[in-house]
Amino acid sequence: MSETTKPDQVPTAQAAAIATAPTPSATASASTAGEGRPRLLVLDGHSMAFRAFYALPAENFSTARGQYTNAVHGFTSMLINLIKDQKPTHVAVAFDVSDDTTFRKAEYSEYKGGRNATPAEFAGQIGLIAKVMEAWGIKTIAMPGYEADDVLATLAAQGDAAGFEVLLVSGDRDAFQLINDNVFVLYPKQGVSNIPRMDAAAIEEKYFVKPGLYSDLAALVGETADNLPGVPGVGPKTAAKWINLYGGLEGILENLDSIGGKVGGALKENLENVKRNRRLNRLLTDLELPLTLADLHEPRPDRQAIEELFEELEFRTLRTRLFDLYGDDTAGEAPDTLEAPEFATLTDASGLESFFTAGAGMRSALAVHLVPGRIGDDANALAVVRNNGAAYIDLTTLDAAAEAVVATWLRDPEEAKVLHEFKSALKALHHRGLALEGVVDDTSISGYLIQPDRRSYDLAELAQVHLKISLSTAVASSGQLELDLSGETDQAAAAALVQQAAVVHALSKHFETELAAIKADALLTTLELPVARVLAHMELTGIFVSTDRMDEQLADLTKVIENAQEQAFAAIGHEVNLGSPKQLQTVLFEELGLPKTKKIKSGYTTDAASLKGLLEKTGHEFLVQLMAHRESSKLAQMVETLKKSVADDARIHTTYAQNIAATGRISSNNPNLQNIPVRSEEGRRVRGIFVVSEGYECLLSADYSQIEMRIMAHLSGDEALIQAYRDGEDLHRFVGSRIFNVEPADVTSAMRSKVKAMSYGLAYGLTSFGLSKQLEISVDEARTLMKDYFDRFGGVRDYLRGVVDQARTDGYTATIEGRRRYLPDLTSTNRQAREAAERIALNSPIQGSAADLIKRAMLGVSAELASQGLKSRMLLQVHDELVLEVAPGEREAVEKLVIEQMGSAAELSVPLDVQIGVGSSWYEAGH
């Protein structure tokens, strides 16, 4: 997803090429097949999956659950292009079963023996491709004992005999032997975006033999990919010369005495190898396949199955491309379009009064048209839909009396209202001076509570998935309608906004039952909706920044960057682009001869983790300066981004999201204030630009101490850990003393660091291998460390084992407050997907409970500030920390209420420790 980069939105050049490039043979294919002649498209599944895997970087394509999807994405994209360009009437995909079970492997145990081990990132992707094909309606064929090439050959023979044009898509040159006047091979030259058609003329031009004799040539030359050694000294030209002179391999064998010289001798010495090669590379054309050509006719995707699978794989653009390919001609029901109900355009006070009175006590869906502004959006129109009517209200044309009627209804807490993205509407209405009360549902949040692992909670997507209806383009394209108040366009825009409200009304009613079924209705009404209101006020308030301090930091960072660059150049004696991975590879591994890092497609990685490891191994000055240059450049870029985010009121107004992280954690964006580094002093200095504003005394930072470990102690019920917290012990020192069998005073800083890393790691499903890498110790030492930990804290061991088993039984994990996260992959046969789900099952209850707890604390602090009539205000929420701006004379009261409210946000078996800091800047308050 972990909260990771979304795979279908990675803007790499290769991904773009795969997504958009037409197959070069498209024009030729259209003119080759006669009108009405059937065309069979058959793909070698494994061959093309590997091509796709290496064409797209695995690190850019993975789901939130940790499943890599680059091969699936590339394969699917390629097939969409192929079907679009080639327009086949019949389609099939052939897969290998296992090299170890084929007759070729049985005859020659070294067959394909030289191949590298399959990359771990490829694991599970063939199975996912097969799932995509099933949802697409495309038949897949795998024959035990044979290879995909044999299936291709058999289908080619059947198609040829039935008068089909046959297109074979394969990266295996053995397929060339199948080419004839009706059979062609689409052979990838680069990745899976450049797949030209190979016909008989192309084979003869490249290999100097007819396609039917290609296998003879391969027998003589050998095939490295299959580990079939050829005749030493015999290349394609020599082999082709012999084949054309003697009519093929049989003729060559009959005329051995006519072939002299060194190569002739080599041929005689390797005759058995050549004969074996020919037996193994000859493709079988007479397999008894489980399907007929008729079964492959015009596959059509199952819309619902594709929706569900692509949601799991986090493919958004591919879904659109696939459905666009078939239009409405898909299996299953296409979503209906929900038309806007009949509505009245209300402009005067009496009409508005009558409408609202008629709907008293009914649940109303509200859609607000937003107009973007520098500090926040403005609202200029409303649509209201309920069971007995609908209305459109242009806020910009109301007189004072009419606006008063609208304002009264909006702020009435007894009038139940449902919206999509309530927080945005609340802020926009605030800019117009209108309050909003009585909100009982936000469909973007309730949809999230039901499915917390979705990528998006756009209204159009939720409507399509849950209601099987589609919205008009105007509504689906982000809701920013262009209102032209001059006639027909105005009426169309009004209808679109009313339609949006109608969808929200239907969706909210649908979600009501689903929320109750998973016992999440209380989470919505008592936690998430109130928190959305608090966050809206925090976003509107923003936090004051010092542009002078920004400029000072940028100047300082620029000096560091320039100095690091000079020192780096001096260390190697010449200039180099420190931002170019290719140039860095040359310097590090060729000029300096440093140990190689992880092998990647473009050479050896120069990412931060690898360079850190190199630095620790070698201590080379160039690496010291390169790391300093990178860190300072990253911080400078961050400060520049923050500077651009300063609004006209000299404050930064971040936007919080409650439905991004599946665990329930609140996210910050535009700009992301949760991403400011705190591990380094240079990173913490960035917090110094956030300062107290005029009229306020100081900033106050309140942070939970070891909140996740305290929650683990509570959930596990481990008596030793609970007692340690109750006694106010230094937890990591306490744990270290028991693991290492020393007195607490004798726990060294190194011991404490190891224990701290392990304690937190256990809550995130850390393995002994992961711990060994993190602590840079052997796996055996890490395993012993974990064993000793579990021996002494059996409650933690039992909890961690039990939480996964329980989740596997229930199908979900739950936080202390009951927030659920469904994990279907816990029972997956794919080991990688299953283990990823197990790690999520371990950390979701802990992370999610911490997220719920800080939200409860925010509600308590906000309510108490209002109850006491204090002017101090909450500005930021960053992970487990709250930042407040304290009004003059209120510091003592604010500190007291914050400690009380945060400390009582949940009833745990251990105390909640709240650490308070104050200062004129966020940096000072955090120390």
# chains A, B, ... in the order shown; residues from 1 in each chain; ligands from 1

$ residues_around --residues "Glu781 of chain A" --least-positions-apart "3" --cutoff "12 Å" --atoms "only C-alpha atoms" --output "compact mmCIF listing (two decimals) with C-alpha atoms, in the first residue's frame"
# COMPACT_ATOMS: atom_id res chain seq x y z
CA LYS A 754 19.40 -3.43 20.95
CA SER A 768 15.38 -12.42 13.37
CA PHE A 769 16.80 -11.69 9.92
CA GLY A 770 15.34 -8.18 9.97
CA LEU A 771 16.66 -7.58 13.47
CA SER A 772 20.13 -8.78 12.43
CA LYS A 773 20.18 -6.26 9.59
CA LEU A 775 21.40 -4.04 14.55
CA GLU A 776 24.17 -5.26 12.21
CA ILE A 777 24.61 -8.49 14.16
CA SER A 778 24.51 -12.11 13.02
CA THR A 784 19.14 -15.69 20.56
CA LEU A 785 18.22 -12.15 21.56
CA MET A 786 14.60 -12.70 20.55
CA LYS A 787 14.47 -16.09 22.29
CA ASP A 788 15.78 -14.60 25.51

$ residues_around --residues "Glu892 of chain A" --least-positions-apart "2" --cutoff "12 Å" --atoms "only C-alpha atoms" --output "PyMOL selection string"
chain A and resi 697-698+700+870+872+886-890+894-899+916+918

$ closest_residue --among "A:Asp394, A:Tyr923, A:Asp441, A:Ile707" --to "Gln491 of chain A" --atoms "only C-alpha atoms"
A:Asp394

$ atom_distance --atom1 "atom CA of Ser446 of chain A" --atom2 "atom CA of Ala360 of chain A"
24.2 Å

$ select_by_dssp --residues "segment 693-812 of chain A" --states "helix (DSSP H, G or I)" --output "PyMOL selection string"
chain A and resi 707-716+719-726+731-739+744-746+749-762+768-775+779-792+794-810

$ write_last_selection --atoms "C-alpha atoms" --output "PDB file, in the first residue's frame"
ATOM      1  CA  ILE A 707       2.804   4.837  23.470  1.00  0.00           C
ATOM      2  CA  GLU A 708       3.046   1.770  21.252  1.00  0.00           C
ATOM      3  CA  MET A 709       5.056  -0.197  23.821  1.00  0.00           C
ATOM      4  CA  ARG A 710       2.530   0.722  26.504  1.00  0.00           C
ATOM      5  CA  ILE A 711      -0.281  -0.503  24.290  1.00  0.00           C
ATOM      6  CA  MET A 712       1.630  -3.734  23.675  1.00  0.00           C
ATOM      7  CA  ALA A 713       2.034  -4.203  27.417  1.00  0.00           C
ATOM      8  CA  HIS A 714      -1.706  -3.662  27.843  1.00  0.00           C
ATOM      9  CA  LEU A 715      -2.768  -5.948  24.989  1.00  0.00           C
ATOM     10  CA  SER A 716      -0.326  -8.718  25.925  1.00  0.00           C
ATOM     11  CA  GLU A 719       2.799  -8.825  34.148  1.00  0.00           C
ATOM     12  CA  ALA A 720       6.495  -7.922  34.142  1.00  0.00           C
ATOM     13  CA  LEU A 721       6.095  -5.197  31.507  1.00  0.00           C
ATOM     14  CA  ILE A 722       2.958  -3.822  33.148  1.00  0.00           C
ATOM     15  CA  GLN A 723       4.670  -3.643  36.540  1.00  0.00           C
ATOM     16  CA  ALA A 724       7.699  -1.927  35.013  1.00  0.00           C
ATOM     17  CA  TYR A 725       5.503   0.827  33.626  1.00  0.00           C
ATOM     18  CA  ARG A 726       3.565   1.150  36.872  1.00  0.00           C
ATOM     19  CA  LEU A 731      11.450   0.200  30.066  1.00  0.00           C
ATOM     20  CA  HIS A 732      14.354  -0.539  27.746  1.00  0.00           C
ATOM     21  CA  ARG A 733      16.817  -0.633  30.653  1.00  0.00           C
ATOM     22  CA  PHE A 734      14.403  -2.844  32.606  1.00  0.00           C
ATOM     23  CA  VAL A 735      13.993  -5.267  29.687  1.00  0.00           C
ATOM     24  CA  GLY A 736      17.736  -5.213  29.003  1.00  0.00           C
ATOM     25  CA  SER A 737      18.575  -6.156  32.585  1.00  0.00           C
ATOM     26  CA  ARG A 738      16.392  -9.259  32.316  1.00  0.00           C
ATOM     27  CA  ILE A 739      17.548 -10.330  28.874  1.00  0.00           C
ATOM     28  CA  PRO A 744      19.626  -2.257  35.532  1.00  0.00           C
ATOM     29  CA  ALA A 745      22.529   0.078  36.317  1.00  0.00           C
ATOM     30  CA  ASP A 746      24.846  -2.213  34.328  1.00  0.00           C
ATOM     31  CA  SER A 749      23.814   2.025  25.962  1.00  0.00           C
ATOM     32  CA  ALA A 750      24.527  -0.638  23.324  1.00  0.00           C
ATOM     33  CA  MET A 751      22.411  -3.170  25.223  1.00  0.00           C
ATOM     34  CA  ARG A 752      19.613  -0.627  25.614  1.00  0.00           C
ATOM     35  CA  SER A 753      19.684   0.229  21.903  1.00  0.00           C
ATOM     36  CA  LYS A 754      19.405  -3.432  20.947  1.00  0.00           C
ATOM     37  CA  VAL A 755      16.470  -3.948  23.284  1.00  0.00           C
ATOM     38  CA  LYS A 756      14.728  -0.791  22.080  1.00  0.00           C
ATOM     39  CA  ALA A 757      15.066  -1.800  18.424  1.00  0.00           C
ATOM     40  CA  MET A 758      13.792  -5.294  19.169  1.00  0.00           C
ATOM     41  CA  SER A 759      10.892  -4.181  21.360  1.00  0.00           C
ATOM     42  CA  TYR A 760       9.554  -1.838  18.713  1.00  0.00           C
ATOM     43  CA  GLY A 761      10.388  -4.276  15.944  1.00  0.00           C
ATOM     44  CA  LEU A 762       8.337  -7.039  17.517  1.00  0.00           C
ATOM     45  CA  SER A 768      15.383 -12.415  13.369  1.00  0.00           C
ATOM     46  CA  PHE A 769      16.799 -11.685   9.916  1.00  0.00           C
ATOM     47  CA  GLY A 770      15.341  -8.177   9.974  1.00  0.00           C
ATOM     48  CA  LEU A 771      16.665  -7.581  13.475  1.00  0.00           C
ATOM     49  CA  SER A 772      20.133  -8.781  12.433  1.00  0.00           C
ATOM     50  CA  LYS A 773      20.185  -6.262   9.593  1.00  0.00           C
ATOM     51  CA  GLN A 774      18.887  -3.448  11.761  1.00  0.00           C
ATOM     52  CA  LEU A 775      21.401  -4.043  14.546  1.00  0.00           C
ATOM     53  CA  VAL A 779      21.181 -13.835  12.503  1.00  0.00           C
ATOM     54  CA  ASP A 780      22.090 -16.327  15.223  1.00  0.00           C
ATOM     55  CA  GLU A 781      22.711 -13.514  17.713  1.00  0.00           C
ATOM     56  CA  ALA A 782      19.438 -11.866  16.735  1.00  0.00           C
ATOM     57  CA  ARG A 783      17.610 -15.171  17.101  1.00  0.00           C
ATOM     58  CA  THR A 784      19.136 -15.693  20.564  1.00  0.00           C
ATOM     59  CA  LEU A 785      18.220 -12.153  21.558  1.00  0.00           C
ATOM     60  CA  MET A 786      14.603 -12.702  20.550  1.00  0.00           C
ATOM     61  CA  LYS A 787      14.470 -16.095  22.291  1.00  0.00           C
ATOM     62  CA  ASP A 788      15.783 -14.604  25.515  1.00  0.00           C
ATOM     63  CA  TYR A 789      13.227 -11.809  25.237  1.00  0.00           C
ATOM     64  CA  PHE A 790      10.339 -14.226  24.814  1.00  0.00           C
ATOM     65  CA  ASP A 791      11.614 -16.512  27.556  1.00  0.00           C
ATOM     66  CA  ARG A 792      11.403 -13.637  30.018  1.00  0.00           C
ATOM     67  CA  GLY A 794       6.043 -14.872  27.812  1.00  0.00           C
ATOM     68  CA  GLY A 795       2.940 -12.691  27.729  1.00  0.00           C
ATOM     69  CA  VAL A 796       4.311 -10.797  24.735  1.00  0.00           C
ATOM     70  CA  ARG A 797       5.217 -14.055  22.979  1.00  0.00           C
ATOM     71  CA  ASP A 798       1.754 -15.519  23.562  1.00  0.00           C
ATOM     72  CA  TYR A 799       0.038 -12.316  22.444  1.00  0.00           C
ATOM     73  CA  LEU A 800       2.005 -12.026  19.215  1.00  0.00           C
ATOM     74  CA  ARG A 801       1.286 -15.636  18.354  1.00  0.00           C
ATOM     75  CA  GLY A 802      -2.345 -15.398  19.344  1.00  0.00           C
ATOM     76  CA  VAL A 803      -3.156 -12.164  17.535  1.00  0.00           C
ATOM     77  CA  VAL A 804      -2.221 -13.651  14.157  1.00  0.00           C
ATOM     78  CA  ASP A 805      -4.074 -16.910  14.835  1.00  0.00           C
ATOM     79  CA  GLN A 806      -7.159 -14.995  15.943  1.00  0.00           C
ATOM     80  CA  ALA A 807      -7.006 -12.737  12.903  1.00  0.00           C
ATOM     81  CA  ARG A 808      -6.730 -15.786  10.660  1.00  0.00           C
ATOM     82  CA  THR A 809      -9.874 -17.184  12.296  1.00  0.00           C
ATOM     83  CA  ASP A 810     -11.840 -13.922  12.302  1.00  0.00           C
TER      84      ASP A 810
END

$ closest_atom_pairs --of "segment 132-237 of chain A" --to "segment 89-93 of chain A" --cutoff "9 Å" --atoms "only C-alpha atoms" --output "JSON lines"
{"residue": "A:Met133", "atom": "CA", "partner": "A:Val93", "partner_atom": "CA", "distance": 8.2}
{"residue": "A:Ile138", "atom": "CA", "partner": "A:Ala92", "partner_atom": "CA", "distance": 6.0}
{"residue": "A:Lys139", "atom": "CA", "partner": "A:Ala92", "partner_atom": "CA", "distance": 5.2}
{"residue": "A:Thr140", "atom": "CA", "partner": "A:Val93", "partner_atom": "CA", "distance": 4.8}
{"residue": "A:Ile141", "atom": "CA", "partner": "A:Val93", "partner_atom": "CA", "distance": 6.4}
{"residue": "A:Ala142", "atom": "CA", "partner": "A:Val93", "partner_atom": "CA", "distance": 8.8}
{"residue": "A:Ala148", "atom": "CA", "partner": "A:Val93", "partner_atom": "CA", "distance": 8.6}
{"residue": "A:Leu152", "atom": "CA", "partner": "A:Val93", "partner_atom": "CA", "distance": 8.6}

$ write_last_selection --atoms "C-alpha atoms" --output "PDB file, in the first residue's frame"
ATOM      1  CA  MET A 133      -6.775 -13.606 -16.874  1.00  0.00           C
ATOM      2  CA  ILE A 138      -9.101 -15.223 -21.027  1.00  0.00           C
ATOM      3  CA  LYS A 139      -8.410 -18.951 -20.895  1.00  0.00           C
ATOM      4  CA  THR A 140      -5.076 -20.121 -19.510  1.00  0.00           C
ATOM      5  CA  ILE A 141      -3.480 -23.465 -20.308  1.00  0.00           C
ATOM      6  CA  ALA A 142      -0.710 -25.293 -18.446  1.00  0.00           C
ATOM      7  CA  ALA A 148       4.265 -23.238 -22.558  1.00  0.00           C
ATOM      8  CA  LEU A 152       1.812 -22.407 -28.297  1.00  0.00           C
TER       9      LEU A 152
END

$ residues_around --residues "Arg454 of chain A" --least-positions-apart "2" --cutoff "10 Å" --atoms "only C-alpha atoms" --output "PDB file with N, CA and C atoms, in the first residue's frame"
ATOM      1  N   MET A   1       1.517  -0.331   0.000  1.00  0.00           N
ATOM      2  CA  MET A   1       0.000   0.000   0.000  1.00  0.00           C
ATOM      3  C   MET A   1       1.496   0.326   0.000  1.00  0.00           C
ATOM      4  N   ALA A  64      -0.117  -2.017  -0.752  1.00  0.00           N
ATOM      5  CA  ALA A  64       0.022  -1.656   0.653  1.00  0.00           C
ATOM      6  C   ALA A  64       0.323  -2.882   1.496  1.00  0.00           C
ATOM      7  N   GLU A 311      -8.731  -3.492  -7.476  1.00  0.00           N
ATOM      8  CA  GLU A 311      -8.696  -2.751  -6.215  1.00  0.00           C
ATOM      9  C   GLU A 311      -7.662  -3.372  -5.290  1.00  0.00           C
ATOM     10  N   GLU A 312      -7.626  -4.695  -5.240  1.00  0.00           N
ATOM     11  CA  GLU A 312      -6.643  -5.403  -4.418  1.00  0.00           C
ATOM     12  C   GLU A 312      -5.225  -5.129  -4.911  1.00  0.00           C
ATOM     13  N   GLU A 314      -4.359  -2.529  -6.586  1.00  0.00           N
ATOM     14  CA  GLU A 314      -4.188  -1.075  -6.602  1.00  0.00           C
ATOM     15  C   GLU A 314      -3.871  -0.563  -8.003  1.00  0.00           C
ATOM     16  N   GLY A 447     -16.972   4.929   4.282  1.00  0.00           N
ATOM     17  CA  GLY A 447     -16.419   3.994   3.308  1.00  0.00           C
ATOM     18  C   GLY A 447     -15.049   3.500   3.724  1.00  0.00           C
ATOM     19  N   TYR A 448     -14.281   4.378   4.338  1.00  0.00           N
ATOM     20  CA  TYR A 448     -12.947   4.024   4.840  1.00  0.00           C
ATOM     21  C   TYR A 448     -13.037   3.041   6.003  1.00  0.00           C
ATOM     22  N   ILE A 450     -15.260   0.886   6.538  1.00  0.00           N
ATOM     23  CA  ILE A 450     -15.684  -0.415   6.011  1.00  0.00           C
ATOM     24  C   ILE A 450     -14.548  -1.093   5.257  1.00  0.00           C
ATOM     25  N   GLN A 451     -13.790  -0.321   4.478  1.00  0.00           N
ATOM     26  CA  GLN A 451     -12.672  -0.868   3.692  1.00  0.00           C
ATOM     27  C   GLN A 451     -11.443   0.027   3.874  1.00  0.00           C
ATOM     28  N   PRO A 452     -10.696  -0.118   4.969  1.00  0.00           N
ATOM     29  CA  PRO A 452      -9.579   0.792   5.247  1.00  0.00           C
ATOM     30  C   PRO A 452      -8.378   0.622   4.330  1.00  0.00           C
ATOM     31  N   SER A 456      -8.509   4.786  -2.703  1.00  0.00           N
ATOM     32  CA  SER A 456      -9.219   6.039  -2.907  1.00  0.00           C
ATOM     33  C   SER A 456     -10.637   5.932  -2.365  1.00  0.00           C
ATOM     34  N   TYR A 457     -11.122   7.064  -1.874  1.00  0.00           N
ATOM     35  CA  TYR A 457     -12.504   7.132  -1.395  1.00  0.00           C
ATOM     36  C   TYR A 457     -13.247   8.243  -2.128  1.00  0.00           C
ATOM     37  N   LEU A 462     -16.614   4.991  -4.892  1.00  0.00           N
ATOM     38  CA  LEU A 462     -17.454   4.348  -3.887  1.00  0.00           C
ATOM     39  C   LEU A 462     -18.824   4.018  -4.458  1.00  0.00           C
ATOM     40  N   ASN A 659      -8.420   9.157   6.103  1.00  0.00           N
ATOM     41  CA  ASN A 659      -8.677   7.905   5.380  1.00  0.00           C
ATOM     42  C   ASN A 659      -7.545   7.524   4.429  1.00  0.00           C
ATOM     43  N   ILE A 660      -6.318   7.845   4.822  1.00  0.00           N
ATOM     44  CA  ILE A 660      -5.150   7.449   4.015  1.00  0.00           C
ATOM     45  C   ILE A 660      -4.505   6.195   4.591  1.00  0.00           C
ATOM     46  N   ALA A 661      -4.117   6.258   5.858  1.00  0.00           N
ATOM     47  CA  ALA A 661      -3.450   5.130   6.504  1.00  0.00           C
ATOM     48  C   ALA A 661      -4.481   4.116   6.975  1.00  0.00           C
ATOM     49  N   ALA A 662      -4.296   2.849   6.601  1.00  0.00           N
ATOM     50  CA  ALA A 662      -5.265   1.812   6.949  1.00  0.00           C
ATOM     51  C   ALA A 662      -5.354   1.577   8.448  1.00  0.00           C
TER      52      ALA A 662
END

$ residues_around --residues "Val385 of chain A" --least-positions-apart "4" --cutoff "9 Å" --atoms "only C-alpha atoms" --output "VMD selection string"
chain A and resid 341 343 363 to 367 389 to 392 498 to 499 501 to 502 504 to 505
